[in-house]
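Enquirer: Input structure: work.cif, which contains mmCIF, C-alpha atoms.
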data_run
loop_
_atom_site.label_atom_id
_atom_site.label_comp_id
_atom_site.auth_asym_id
_atom_site.auth_seq_id
_atom_site.Cartn_x
_atom_site.Cartn_y
_atom_site.Cartn_z
CA MET C 1 0.72 -15.58 23.32
CA ASP C 2 -0.52 -18.82 21.76
CA THR C 3 -0.33 -21.33 24.62
CA ARG C 4 -0.16 -24.26 22.18
CA THR C 5 2.93 -23.04 20.35
CA GLY C 6 4.47 -20.55 22.74
CA LEU C 7 4.57 -18.08 19.85
CA PRO C 8 3.15 -14.54 19.76
CA VAL C 9 -0.23 -13.68 18.28
CA VAL C 10 -0.48 -10.81 15.82
CA GLY C 11 -3.88 -9.32 15.08
CA MET C 12 -4.56 -7.42 11.86
CA VAL C 13 -7.56 -5.12 11.57
CA GLY C 14 -9.10 -5.55 8.13
CA GLY C 15 -9.77 -8.67 6.11
CA GLY C 16 -8.54 -7.65 2.67
CA GLN C 17 -5.81 -9.09 0.47
CA LEU C 18 -3.04 -7.49 2.53
CA ALA C 19 -4.20 -9.44 5.58
CA ARG C 20 -4.53 -12.57 3.43
CA MET C 21 -0.91 -12.35 2.27
CA THR C 22 0.31 -11.40 5.74
CA HIS C 23 -1.41 -14.54 7.05
CA GLN C 24 0.48 -16.60 4.47
CA ALA C 25 3.75 -15.09 5.73
CA ALA C 26 2.75 -15.77 9.34
CA ILE C 27 2.37 -19.49 8.64
CA SER C 28 6.09 -19.93 7.94
CA LEU C 29 6.82 -18.22 11.28
CA GLY C 30 4.65 -20.80 13.04
CA GLN C 31 1.79 -18.38 13.52
CA SER C 32 -1.76 -17.90 12.32
CA LEU C 33 -2.66 -14.27 11.87
CA ARG C 34 -5.73 -13.14 13.81
CA VAL C 35 -7.94 -11.05 11.53
CA LEU C 36 -10.78 -8.66 12.33
CA SER C 37 -12.96 -8.94 9.24
CA GLU C 38 -16.19 -7.18 8.39
CA LYS C 39 -17.55 -10.19 6.49
CA ALA C 40 -16.95 -13.93 6.58
CA ASP C 41 -16.20 -13.97 2.86
CA ASP C 42 -13.57 -11.22 2.92
CA SER C 43 -10.27 -12.13 1.31
CA ALA C 44 -8.35 -12.99 4.49
CA ALA C 45 -11.37 -14.48 6.25
CA LEU C 46 -11.46 -17.23 3.64
CA VAL C 47 -8.03 -18.55 4.66
CA ALA C 48 -7.22 -17.55 8.25
CA ALA C 49 -8.32 -19.67 11.20
CA ASP C 50 -9.04 -16.98 13.80
CA VAL C 51 -11.42 -14.44 12.27
CA PRO C 52 -13.76 -12.51 14.56
CA ILE C 53 -16.36 -10.57 12.60
CA GLY C 54 -16.57 -6.87 13.34
CA THR C 55 -16.01 -3.43 11.93
CA HIS C 56 -12.99 -1.18 12.40
CA THR C 57 -15.30 1.68 13.42
CA ASP C 58 -16.67 -0.25 16.45
CA LEU C 59 -14.47 0.40 19.49
CA ALA C 60 -16.04 -2.47 21.43
CA ALA C 61 -15.23 -4.88 18.58
CA LEU C 62 -11.66 -3.58 18.41
CA ARG C 63 -11.26 -3.92 22.17
CA GLU C 64 -12.51 -7.51 22.15
CA PHE C 65 -10.36 -8.35 19.12
CA ALA C 66 -7.20 -7.06 20.81
CA LYS C 67 -7.58 -9.39 23.79
CA GLY C 68 -4.86 -12.04 23.62
CA CYS C 69 -2.95 -10.27 20.83
CA ASP C 70 0.71 -9.53 21.44
CA ALA C 71 0.55 -6.83 18.77
CA VAL C 72 -2.20 -5.30 16.66
CA THR C 73 -1.63 -3.86 13.20
CA PHE C 74 -3.69 -2.87 10.15
CA ASP C 75 -4.31 -3.73 6.51
CA HIS C 76 -5.80 -0.24 5.93
CA GLU C 77 -5.61 3.22 7.50
CA HIS C 78 -9.30 3.78 8.16
CA VAL C 79 -9.55 2.93 11.88
CA PRO C 80 -10.66 6.11 13.71
CA THR C 81 -7.68 7.76 15.39
CA GLY C 82 -9.61 8.13 18.64
CA HIS C 83 -10.24 4.38 18.79
CA ILE C 84 -6.52 3.64 18.41
CA GLU C 85 -5.68 6.15 21.13
CA ALA C 86 -8.24 4.54 23.45
CA LEU C 87 -6.72 1.08 22.95
CA GLU C 88 -3.21 2.41 23.47
CA ALA C 89 -4.32 4.01 26.73
CA GLU C 90 -5.51 0.55 27.82
CA GLY C 91 -2.09 -0.96 27.14
CA VAL C 92 -2.68 -2.55 23.74
CA LYS C 93 0.49 -2.67 21.63
CA ILE C 94 -0.52 -1.16 18.29
CA PHE C 95 1.85 -0.76 15.34
CA PRO C 96 2.03 1.71 13.81
CA GLY C 97 0.82 3.75 16.75
CA SER C 98 -1.72 6.55 16.55
CA LYS C 99 0.91 9.29 16.58
CA ALA C 100 2.47 7.86 13.42
CA LEU C 101 -0.58 6.47 11.63
CA VAL C 102 -2.40 9.81 11.67
CA PHE C 103 0.02 11.07 9.03
CA ALA C 104 -1.11 8.31 6.67
CA GLN C 105 -4.77 8.89 7.57
CA ASP C 106 -4.92 12.67 7.09
CA LYS C 107 -3.29 14.21 4.02
CA GLY C 108 -3.40 17.68 5.50
CA LEU C 109 -1.53 16.63 8.61
CA MET C 110 0.88 14.62 6.45
CA ARG C 111 1.70 17.63 4.26
CA GLU C 112 2.15 19.86 7.33
CA ARG C 113 4.51 17.41 9.03
CA LEU C 114 6.53 16.67 5.91
CA THR C 115 6.89 20.40 5.31
CA GLU C 116 8.14 20.85 8.88
CA LEU C 117 10.67 18.07 8.33
CA GLY C 118 11.93 19.67 5.13
CA ALA C 119 10.90 16.70 2.99
CA PRO C 120 10.37 17.41 -0.72
CA VAL C 121 6.61 17.94 -1.27
CA PRO C 122 4.52 19.67 -3.92
CA ARG C 123 3.37 23.24 -3.28
CA TRP C 124 0.11 22.78 -1.38
CA ALA C 125 -2.52 24.48 0.78
CA ARG C 126 -5.58 23.77 2.86
CA ILE C 127 -8.72 25.16 1.25
CA ALA C 128 -12.20 26.06 2.49
CA THR C 129 -13.76 27.87 -0.48
CA ALA C 130 -13.65 27.90 -4.25
CA SER C 131 -11.96 31.28 -3.96
CA ASP C 132 -9.13 29.59 -2.04
CA VAL C 133 -8.64 27.18 -4.93
CA GLU C 134 -8.63 30.00 -7.44
CA THR C 135 -6.10 31.96 -5.39
CA PHE C 136 -3.86 28.91 -5.10
CA ALA C 137 -4.05 28.24 -8.84
CA GLY C 138 -3.12 31.82 -9.65
CA GLY C 139 -4.43 31.33 -13.16
CA SER C 140 -2.35 28.21 -13.74
CA TRP C 141 -4.77 25.31 -14.15
CA PRO C 142 -5.21 22.45 -13.51
CA VAL C 143 -4.50 21.91 -9.83
CA VAL C 144 -4.94 18.69 -7.86
CA ALA C 145 -7.53 18.50 -5.06
CA LYS C 146 -7.40 15.67 -2.54
CA ALA C 147 -9.79 14.56 0.18
CA THR C 148 -7.90 14.80 3.45
CA ARG C 149 -9.19 11.39 4.54
CA GLY C 150 -10.40 8.18 2.94
CA GLY C 151 -9.06 8.30 -0.61
CA TYR C 152 -7.30 5.37 -2.30
CA ASP C 153 -6.85 3.85 -5.78
CA GLY C 154 -7.64 7.15 -7.44
CA ARG C 155 -10.68 7.85 -5.26
CA GLY C 156 -10.70 11.15 -3.42
CA VAL C 157 -8.45 12.86 -6.01
CA TRP C 158 -9.70 15.41 -8.54
CA MET C 159 -7.99 17.30 -11.33
CA VAL C 160 -9.53 20.77 -11.10
CA GLY C 161 -9.25 22.73 -14.33
CA SER C 162 -11.25 25.91 -13.79
CA PRO C 163 -12.92 28.16 -11.19
CA GLU C 164 -16.25 26.58 -12.13
CA ALA C 165 -14.91 23.08 -11.48
CA ALA C 166 -13.52 24.29 -8.15
CA ALA C 167 -16.94 25.65 -7.15
CA ASP C 168 -18.61 22.35 -8.07
CA LEU C 169 -16.11 20.37 -6.00
CA MET C 170 -16.30 22.65 -2.98
CA SER C 171 -20.09 22.35 -2.97
CA THR C 172 -19.71 18.70 -1.91
CA GLY C 173 -18.45 19.78 1.52
CA ILE C 174 -15.57 17.27 1.44
CA PRO C 175 -12.56 18.49 3.49
CA LEU C 176 -9.80 19.06 0.93
CA ILE C 177 -6.25 20.13 0.32
CA VAL C 178 -5.00 21.38 -3.02
CA GLU C 179 -1.63 20.76 -4.63
CA GLU C 180 0.22 21.88 -7.72
CA LYS C 181 0.21 19.47 -10.65
CA VAL C 182 3.72 18.06 -10.56
CA PRO C 183 5.52 17.72 -13.93
CA LEU C 184 6.42 14.13 -13.25
CA LYS C 185 8.53 11.83 -15.39
CA ARG C 186 7.28 8.70 -13.64
CA GLU C 187 6.17 7.40 -10.24
CA LEU C 188 8.46 5.58 -7.83
CA ALA C 189 8.01 3.94 -4.44
CA ALA C 190 10.48 3.46 -1.61
CA LEU C 191 9.50 0.76 0.89
CA VAL C 192 11.15 0.42 4.30
CA ALA C 193 10.42 -1.47 7.51
CA ARG C 194 11.25 -0.29 11.01
CA SER C 195 11.11 -2.15 14.34
CA PRO C 196 10.43 -0.74 17.82
CA PHE C 197 14.15 -1.22 18.51
CA GLY C 198 14.81 1.17 15.63
CA GLN C 199 16.30 -1.26 13.13
CA VAL C 200 15.38 -0.41 9.54
CA ALA C 201 15.46 -2.35 6.29
CA ALA C 202 15.06 -0.72 2.87
CA TYR C 203 13.93 -2.46 -0.31
CA PRO C 204 15.17 -1.48 -3.77
CA VAL C 205 13.31 1.54 -5.13
CA VAL C 206 10.66 0.49 -7.66
CA GLU C 207 8.80 2.13 -10.52
CA THR C 208 5.02 2.03 -10.31
CA VAL C 209 2.83 2.40 -13.40
CA GLN C 210 -0.63 3.88 -12.88
CA ARG C 211 -3.71 3.73 -15.09
CA ASP C 212 -6.92 5.59 -14.15
CA GLY C 213 -5.49 6.15 -10.68
CA ILE C 214 -4.83 2.44 -10.08
CA CYS C 215 -1.41 0.82 -9.97
CA VAL C 216 -1.22 -1.74 -12.78
CA GLU C 217 2.48 -2.63 -12.77
CA VAL C 218 5.52 -2.48 -10.48
CA ILE C 219 9.08 -2.89 -11.78
CA ALA C 220 11.92 -3.77 -9.41
CA PRO C 221 14.42 -2.25 -9.38
CA ALA C 222 13.23 0.97 -11.04
CA PRO C 223 14.84 0.86 -14.50
CA GLY C 224 17.34 3.55 -15.35
CA LEU C 225 17.25 5.11 -11.88
CA ALA C 226 20.59 6.67 -11.04
CA GLU C 227 22.20 5.12 -7.96
CA GLU C 228 22.45 8.52 -6.31
CA ARG C 229 18.72 9.13 -6.70
CA ALA C 230 17.86 5.60 -5.54
CA LEU C 231 19.92 6.10 -2.39
CA GLU C 232 18.28 9.49 -1.87
CA ALA C 233 14.82 7.90 -2.04
CA GLN C 234 15.77 5.08 0.35
CA GLN C 235 17.33 7.50 2.81
CA LEU C 236 14.25 9.73 2.64
CA ALA C 237 12.02 6.76 3.46
CA ILE C 238 14.27 5.72 6.35
CA ASP C 239 14.35 9.27 7.72
CA LEU C 240 10.57 9.60 7.52
CA ALA C 241 10.01 6.23 9.22
CA THR C 242 12.34 7.34 12.02
CA GLU C 243 11.01 10.89 12.40
CA LEU C 244 7.36 9.80 12.33
CA GLY C 245 7.97 6.85 14.66
CA VAL C 246 6.63 4.25 12.24
CA VAL C 247 6.77 0.60 13.32
CA GLY C 248 6.12 -1.85 10.50
CA LEU C 249 6.13 -1.09 6.80
CA LEU C 250 6.25 2.42 5.40
CA ALA C 251 5.66 2.94 1.69
CA VAL C 252 6.67 6.35 0.38
CA GLU C 253 5.05 7.00 -2.99
CA LEU C 254 7.18 9.42 -5.00
CA PHE C 255 7.05 11.53 -8.13
CA GLU C 256 10.28 11.69 -10.10
CA THR C 257 10.79 15.01 -11.88
CA ASP C 258 13.69 16.53 -13.79
CA ALA C 259 14.61 18.38 -10.59
CA GLY C 260 14.46 15.39 -8.21
CA ILE C 261 11.95 13.40 -6.18
CA VAL C 262 8.77 14.64 -4.50
CA VAL C 263 6.66 12.82 -1.90
CA ASN C 264 3.16 12.02 -3.12
CA GLU C 265 1.62 9.77 -0.44
CA LEU C 266 2.51 7.68 2.61
CA ALA C 267 1.14 4.25 3.56
CA MET C 268 1.99 2.56 6.86
CA ARG C 269 1.24 -1.09 6.09
CA PRO C 270 2.16 -3.64 3.45
CA HIS C 271 1.61 -1.93 0.13
CA ASN C 272 0.75 -2.77 -3.48
CA SER C 273 4.17 -1.49 -4.54
CA GLY C 274 5.75 -4.30 -2.49
CA HIS C 275 3.79 -7.35 -3.64
CA TRP C 276 6.70 -8.31 -5.90
CA THR C 277 8.76 -9.08 -2.78
CA ILE C 278 6.94 -12.39 -2.17
CA GLU C 279 9.04 -14.05 -4.88
CA GLY C 280 11.38 -11.20 -5.80
CA ALA C 281 13.09 -10.46 -2.47
CA ARG C 282 14.76 -12.66 0.13
CA THR C 283 12.20 -11.47 2.69
CA SER C 284 8.71 -10.51 1.57
CA GLN C 285 7.20 -7.25 2.74
CA PHE C 286 4.56 -9.28 4.60
CA GLU C 287 7.06 -11.28 6.64
CA GLN C 288 9.07 -8.09 7.16
CA HIS C 289 5.99 -6.33 8.54
CA LEU C 290 5.44 -9.18 11.00
CA ARG C 291 9.11 -9.15 12.01
CA ALA C 292 8.88 -5.41 12.60
CA VAL C 293 5.76 -5.41 14.78
CA LEU C 294 7.16 -8.34 16.80
CA ASP C 295 10.56 -6.59 17.12
CA TYR C 296 12.35 -9.45 15.41
CA PRO C 297 15.56 -8.64 13.50
CA MET C 298 14.83 -7.52 9.95
CA GLY C 299 15.29 -9.91 7.03
CA SER C 300 17.36 -9.45 3.88
CA THR C 301 15.79 -7.22 1.23
CA ALA C 302 18.09 -8.43 -1.58
CA LEU C 303 16.55 -9.20 -4.97
CA THR C 304 16.26 -12.84 -6.03
CA ALA C 305 16.60 -11.95 -9.74
CA PRO C 306 17.97 -9.02 -11.73
CA VAL C 307 14.47 -8.00 -12.87
CA VAL C 308 11.13 -8.51 -11.10
CA VAL C 309 7.81 -7.33 -12.50
CA MET C 310 4.48 -7.47 -10.72
CA ALA C 311 1.28 -6.88 -12.70
CA ASN C 312 -2.04 -6.36 -10.95
CA VAL C 313 -4.99 -8.44 -12.14
CA LEU C 314 -8.09 -6.27 -12.35
CA GLY C 315 -11.62 -7.54 -12.64
CA GLY C 316 -12.87 -7.71 -16.24
CA GLU C 317 -16.32 -7.79 -17.72
CA PRO C 318 -18.56 -10.73 -16.70
CA GLY C 319 -18.61 -13.83 -18.86
CA GLY C 320 -15.99 -15.76 -20.75
CA ILE C 321 -14.19 -18.86 -19.59
CA SER C 322 -13.86 -19.67 -15.88
CA VAL C 323 -10.92 -18.63 -13.73
CA ASP C 324 -9.90 -22.28 -13.48
CA GLU C 325 -9.70 -22.56 -17.27
CA ARG C 326 -7.78 -19.29 -17.44
CA LEU C 327 -5.22 -20.67 -14.99
CA HIS C 328 -4.82 -23.81 -17.12
CA HIS C 329 -4.07 -21.76 -20.21
CA LEU C 330 -1.90 -19.24 -18.33
CA PHE C 331 0.38 -21.85 -16.83
CA ALA C 332 0.79 -23.49 -20.22
CA GLU C 333 1.68 -20.15 -21.82
CA VAL C 334 3.72 -18.52 -19.01
CA PRO C 335 4.78 -21.40 -16.72
CA ASP C 336 7.12 -19.21 -14.66
CA ALA C 337 4.39 -16.70 -13.72
CA ARG C 338 3.59 -16.73 -10.01
CA VAL C 339 -0.11 -16.13 -9.51
CA HIS C 340 -1.78 -14.69 -6.41
CA LEU C 341 -5.58 -14.55 -6.48
CA TYR C 342 -7.30 -12.88 -3.56
CA GLY C 343 -10.62 -14.76 -3.41
CA LYS C 344 -12.53 -11.55 -4.11
CA GLN C 345 -15.74 -11.18 -6.08
CA VAL C 346 -14.99 -9.88 -9.55
CA ARG C 347 -15.99 -6.33 -10.40
CA PRO C 348 -14.66 -4.39 -13.39
CA GLY C 349 -11.53 -2.51 -12.35
CA ARG C 350 -11.26 -4.13 -8.90
CA LYS C 351 -7.92 -5.62 -7.87
CA ILE C 352 -8.57 -9.35 -7.68
CA GLY C 353 -4.99 -10.63 -7.77
CA HIS C 354 -1.50 -10.13 -9.12
CA VAL C 355 1.14 -12.02 -11.04
CA THR C 356 4.90 -11.83 -10.65
CA VAL C 357 7.54 -12.75 -13.22
CA LEU C 358 11.31 -12.83 -12.64
CA GLY C 359 14.14 -12.83 -15.15
CA ASP C 360 17.14 -11.10 -16.66
CA ASP C 361 15.70 -9.06 -19.54
CA LEU C 362 13.40 -6.17 -18.61
CA THR C 363 11.47 -6.05 -21.89
CA GLU C 364 10.84 -9.79 -21.89
CA VAL C 365 9.86 -9.97 -18.22
CA ARG C 366 7.44 -7.04 -18.55
CA ALA C 367 5.83 -8.64 -21.58
CA ARG C 368 5.35 -11.99 -19.83
CA ALA C 369 3.86 -10.35 -16.73
CA ALA C 370 1.50 -8.19 -18.80
CA ARG C 371 0.42 -11.18 -20.89
CA ALA C 372 -0.30 -13.24 -17.77
CA ALA C 373 -2.33 -10.47 -16.10
CA LYS C 374 -4.29 -9.77 -19.30
CA TRP C 375 -5.11 -13.44 -19.72
CA LEU C 376 -6.42 -13.73 -16.17
CA GLN C 377 -8.45 -10.54 -16.55
CA GLU C 378 -9.90 -11.08 -20.02
CA GLY C 379 -9.39 -14.77 -20.79
CA VAL C 380 -7.68 -13.86 -24.08
#
Using the file provided, produce a representation of the structure as structure tokens.
Expert:
Amino acid sequence: MDTRTGLPVVGMVGGGQLARMTHQAAISLGQSLRVLSEKADDSAALVAADVPIGTHTDLAALREFAKGCDAVTFDHEHVPTGHIEALEAEGVKIFPGSKALVFAQDKGLMRERLTELGAPVPRWARIATASDVETFAGGSWPVVAKATRGGYDGRGVWMVGSPEAAADLMSTGIPLIVEEKVPLKRELAALVARSPFGQVAAYPVVETVQRDGICVEVIAPAPGLAEERALEAQQLAIDLATELGVVGLLAVELFETDAGIVVNELAMRPHNSGHWTIEGARTSQFEQHLRAVLDYPMGSTALTAPVVVMANVLGGEPGGISVDERLHHLFAEVPDARVHLYGKQVRPGRKIGHVTVLGDDLTEVRARAARAAKWLQEGV
């Protein structure tokens, strides 16, 4: 508890852009998010006031960081499960807890648990040899191989198209699962929040557009999605949050096929598919996550406009006009674009920010958001 304000202190492990935007949400609740950051120039460390420096793999650093926190949460899933269990045994309130978070950390455990729960998942298997991959494929290539831990933004995922490719991949020694290649129509995401009390709040289902394994655009609500299927996706996310015991945000990444929806991945934290909620929903996902871990009543998830489009800003090639000049031109061209830059060093393909545009016409809103993101990335 902060003795100056009488308000609770939330600590977030990880100093990336999710922590940065959660800190911004904390300010309106009278709080200042405490952030465990690896470096002083990490995205959240540049704006938060209370930023101990330490790594998520150091139990001593985690233990010291948790002192004085009313709740500890995460901006990524990479904290060792054993470290979380050790802190829980010492009485630290951690959300989501180790028993839930492990299903976002380990894709093999996630697939096993979802299968047990009867959730719609691709055909999958654990594999140990190239022969296992070949048996799973049954002559129908390609298949999708995934590292059980550590993958994100397209990393740790391989499209395996032959026995030879399977042998090459297995020679790396990376623990893997393999899945069928789903004949998807598009990708969706269902985002829900759940409190320790058990209250849940579901956001409208969104469409996510991927390029080279990276989300480049999110459209809310998902255009052309039948109400029945939208409700099915929301109910699935609520059921999974409840069954897995998630506290905080749960993002369920989905494939939509002709036959229905299939679970692709789970994330138990604020998620890229929910950045649009800062301007596009009555309660942003970041405030909602804080409400959940503090066991506050959930906020309204209603849209603030008929159409909301978020476009990620990826790092472009070096050179060109400065970011400040790009902002000048952008605001003159698309004055209603809401810009969020993360204070990150620019590298080609790296997420350095996002823009959000609201309106009534889907085609027009998508075009304005894409134009704004392209301008920030390329300066043209």
Enquirer: Taking all atoms listed in the file into account, name the residue in C:Glu227, C:Asp361, C:Glu253, C:Asp239 that is nearest to Thr208 of chain C.
Expert: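 Result for the nearest residue to Thr208 of chain C: C:Glu253.
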Enquirer: What's the separation between atom CA of Leu109 of chain C and atom CA of Arg155 of chain C, in Å to one decimal place?
Expert: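 These two atoms are separated by 18.8 Å.
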Enquirer: Dig up all the protein and nucleic acid residues within 12 Å of (-1.6, -4.7, 17.6) in the file frame, using only C-alpha atoms, and format them as a PDB file with C-alpha atoms, in the coordinates of the input.
Expert:
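Printed below is part_10.pdb as written:
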ATOM      1  CA  PRO C   8       3.150 -14.540  19.760  1.00  0.00           C
ATOM      2  CA  VAL C   9      -0.230 -13.680  18.280  1.00  0.00           C
ATOM      3  CA  VAL C  10      -0.480 -10.810  15.820  1.00  0.00           C
ATOM      4  CA  GLY C  11      -3.880  -9.320  15.080  1.00  0.00           C
ATOM      5  CA  MET C  12      -4.560  -7.420  11.860  1.00  0.00           C
ATOM      6  CA  VAL C  13      -7.560  -5.120  11.570  1.00  0.00           C
ATOM      7  CA  LEU C  33      -2.660 -14.270  11.870  1.00  0.00           C
ATOM      8  CA  ARG C  34      -5.730 -13.140  13.810  1.00  0.00           C
ATOM      9  CA  VAL C  35      -7.940 -11.050  11.530  1.00  0.00           C
ATOM     10  CA  LEU C  36     -10.780  -8.660  12.330  1.00  0.00           C
ATOM     11  CA  LEU C  62     -11.660  -3.580  18.410  1.00  0.00           C
ATOM     12  CA  ARG C  63     -11.260  -3.920  22.170  1.00  0.00           C
ATOM     13  CA  PHE C  65     -10.360  -8.350  19.120  1.00  0.00           C
ATOM     14  CA  ALA C  66      -7.200  -7.060  20.810  1.00  0.00           C
ATOM     15  CA  LYS C  67      -7.580  -9.390  23.790  1.00  0.00           C
ATOM     16  CA  GLY C  68      -4.860 -12.040  23.620  1.00  0.00           C
ATOM     17  CA  CYS C  69      -2.950 -10.270  20.830  1.00  0.00           C
ATOM     18  CA  ASP C  70       0.710  -9.530  21.440  1.00  0.00           C
ATOM     19  CA  ALA C  71       0.550  -6.830  18.770  1.00  0.00           C
ATOM     20  CA  VAL C  72      -2.200  -5.300  16.660  1.00  0.00           C
ATOM     21  CA  THR C  73      -1.630  -3.860  13.200  1.00  0.00           C
ATOM     22  CA  PHE C  74      -3.690  -2.870  10.150  1.00  0.00           C
ATOM     23  CA  ASP C  75      -4.310  -3.730   6.510  1.00  0.00           C
ATOM     24  CA  ILE C  84      -6.520   3.640  18.410  1.00  0.00           C
ATOM     25  CA  LEU C  87      -6.720   1.080  22.950  1.00  0.00           C
ATOM     26  CA  GLU C  88      -3.210   2.410  23.470  1.00  0.00           C
ATOM     27  CA  GLY C  91      -2.090  -0.960  27.140  1.00  0.00           C
ATOM     28  CA  VAL C  92      -2.680  -2.550  23.740  1.00  0.00           C
ATOM     29  CA  LYS C  93       0.490  -2.670  21.630  1.00  0.00           C
ATOM     30  CA  ILE C  94      -0.520  -1.160  18.290  1.00  0.00           C
ATOM     31  CA  PHE C  95       1.850  -0.760  15.340  1.00  0.00           C
ATOM     32  CA  PRO C  96       2.030   1.710  13.810  1.00  0.00           C
ATOM     33  CA  GLY C  97       0.820   3.750  16.750  1.00  0.00           C
ATOM     34  CA  SER C  98      -1.720   6.550  16.550  1.00  0.00           C
ATOM     35  CA  VAL C 247       6.770   0.600  13.320  1.00  0.00           C
ATOM     36  CA  GLY C 248       6.120  -1.850  10.500  1.00  0.00           C
ATOM     37  CA  HIS C 289       5.990  -6.330   8.540  1.00  0.00           C
ATOM     38  CA  LEU C 290       5.440  -9.180  11.000  1.00  0.00           C
ATOM     39  CA  ALA C 292       8.880  -5.410  12.600  1.00  0.00           C
ATOM     40  CA  VAL C 293       5.760  -5.410  14.780  1.00  0.00           C
ATOM     41  CA  LEU C 294       7.160  -8.340  16.800  1.00  0.00           C
TER      42      LEU C 294
END
Enquirer: Please, what distance in Å, to one decimal, runs between atom CA of Arg111 of chain C and atom CA of Leu18 of chain C?
Expert: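 These two atoms are separated by 25.6 Å.
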Enquirer: In terms of the shortest atom-to-atom distance over all atoms listed in the file, which of C:Ala44, C:Thr277, C:Arg269, C:Arg186 is closest to Gln17 of chain C?
Expert: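 The answer is C:Ala44, which sits nearest to Gln17 of chain C.
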Enquirer: Pick from C:Val262, C:Met110, C:Ala166, C:Trp141: nearest to Thr129 of chain C, with only C-alpha atoms counted?
Expert: C:Ala166
Enquirer: For Thr5 of chain C, work out the shell of residues within 12 Å, counting all atoms listed in the file and skipping chain neighbours fewer than 6 positions away, then give it as a ChimeraX atom specification.
Expert: /C:29-32
Enquirer: Could you list, as a PyMOL selection string, every residue matched by the PyMOL selection byres ((chain C and resi 301) around 12) in this structure?
Expert: chain C and resi 191-193+200-205+220-221+274+276-288+298-300+302-305
Enquirer: Assuming the chain letters and numbering stay as they are in my file, what does the PyMOL selection byres ((chain C and resi 99) around 9) actually select? List them as a list in words.
Expert: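 Selected by the PyMOL selection byres ((chain C and resi 99) around 9) here: Thr81, Glu85, Pro96, Gly97, Ser98, Ala100, Leu101, Val102, Phe103, Leu244, Gly245 and Val246 of chain C.
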Enquirer: Produce a file of the selected residues containing C-alpha atoms, as a PDB file, in the frame of the given file.
Expert:
ATOM      1  CA  THR C  81      -7.680   7.760  15.390  1.00  0.00           C
ATOM      2  CA  GLU C  85      -5.680   6.150  21.130  1.00  0.00           C
ATOM      3  CA  PRO C  96       2.030   1.710  13.810  1.00  0.00           C
ATOM      4  CA  GLY C  97       0.820   3.750  16.750  1.00  0.00           C
ATOM      5  CA  SER C  98      -1.720   6.550  16.550  1.00  0.00           C
ATOM      6  CA  ALA C 100       2.470   7.860  13.420  1.00  0.00           C
ATOM      7  CA  LEU C 101      -0.580   6.470  11.630  1.00  0.00           C
ATOM      8  CA  VAL C 102      -2.400   9.810  11.670  1.00  0.00           C
ATOM      9  CA  PHE C 103       0.020  11.070   9.030  1.00  0.00           C
ATOM     10  CA  LEU C 244       7.360   9.800  12.330  1.00  0.00           C
ATOM     11  CA  GLY C 245       7.970   6.850  14.660  1.00  0.00           C
ATOM     12  CA  VAL C 246       6.630   4.250  12.240  1.00  0.00           C
TER      13      VAL C 246
END
Enquirer: What would the selection look like, as a PyMOL selection string, if the PyMOL selection byres ((chain C and resi 145-148) around 9) were run on the coordinates I just shared?
Expert: chain C and resi 105-109+133+143-144+149-151+155-160+166+169+174-180
Enquirer: Would you please work out which residue, of C:Met170, C:Ala190, C:Ala89, C:Ala19, is nearest to Leu231 of chain C when using all atoms listed in the file?
Expert: C:Ala190
Enquirer: From the options C:Leu46, C:Ser195, C:Ala128, C:Ile238, which residue's atoms come nearest to Thr172 of chain C, counting only C-alpha atoms?
Expert: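 Going through C:Leu46, C:Ser195, C:Ala128, C:Ile238 one by one, the smallest distance to Thr172 of chain C is for C:Ala128.
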Enquirer: Distance atom CA of Pro52 of chain C-atom CA of Glu38 of chain C, one decimal place?
Expert: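 Separation between atom CA of Pro52 of chain C and atom CA of Glu38 of chain C: 8.5 Å.
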Enquirer: So, counting all atoms listed in the file, which residue among C:Ala237, C:Leu327, C:Ile261, C:Ala165 is closest to Pro120 of chain C?
Expert: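 Among C:Ala237, C:Leu327, C:Ile261, C:Ala165, it is C:Ile261 that comes nearest to Pro120 of chain C.
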Enquirer: What are the centre and edge lengths in Å, to one decimal, of the axis-aligned box around all listed atoms of segment 304-317 of chain C with 3 Å added on each side, as JSON?
Expert:
{"center_x": 0.8, "center_y": -9.6, "center_z": -11.9, "size_x": 40.3, "size_y": 12.6, "size_z": 17.7}
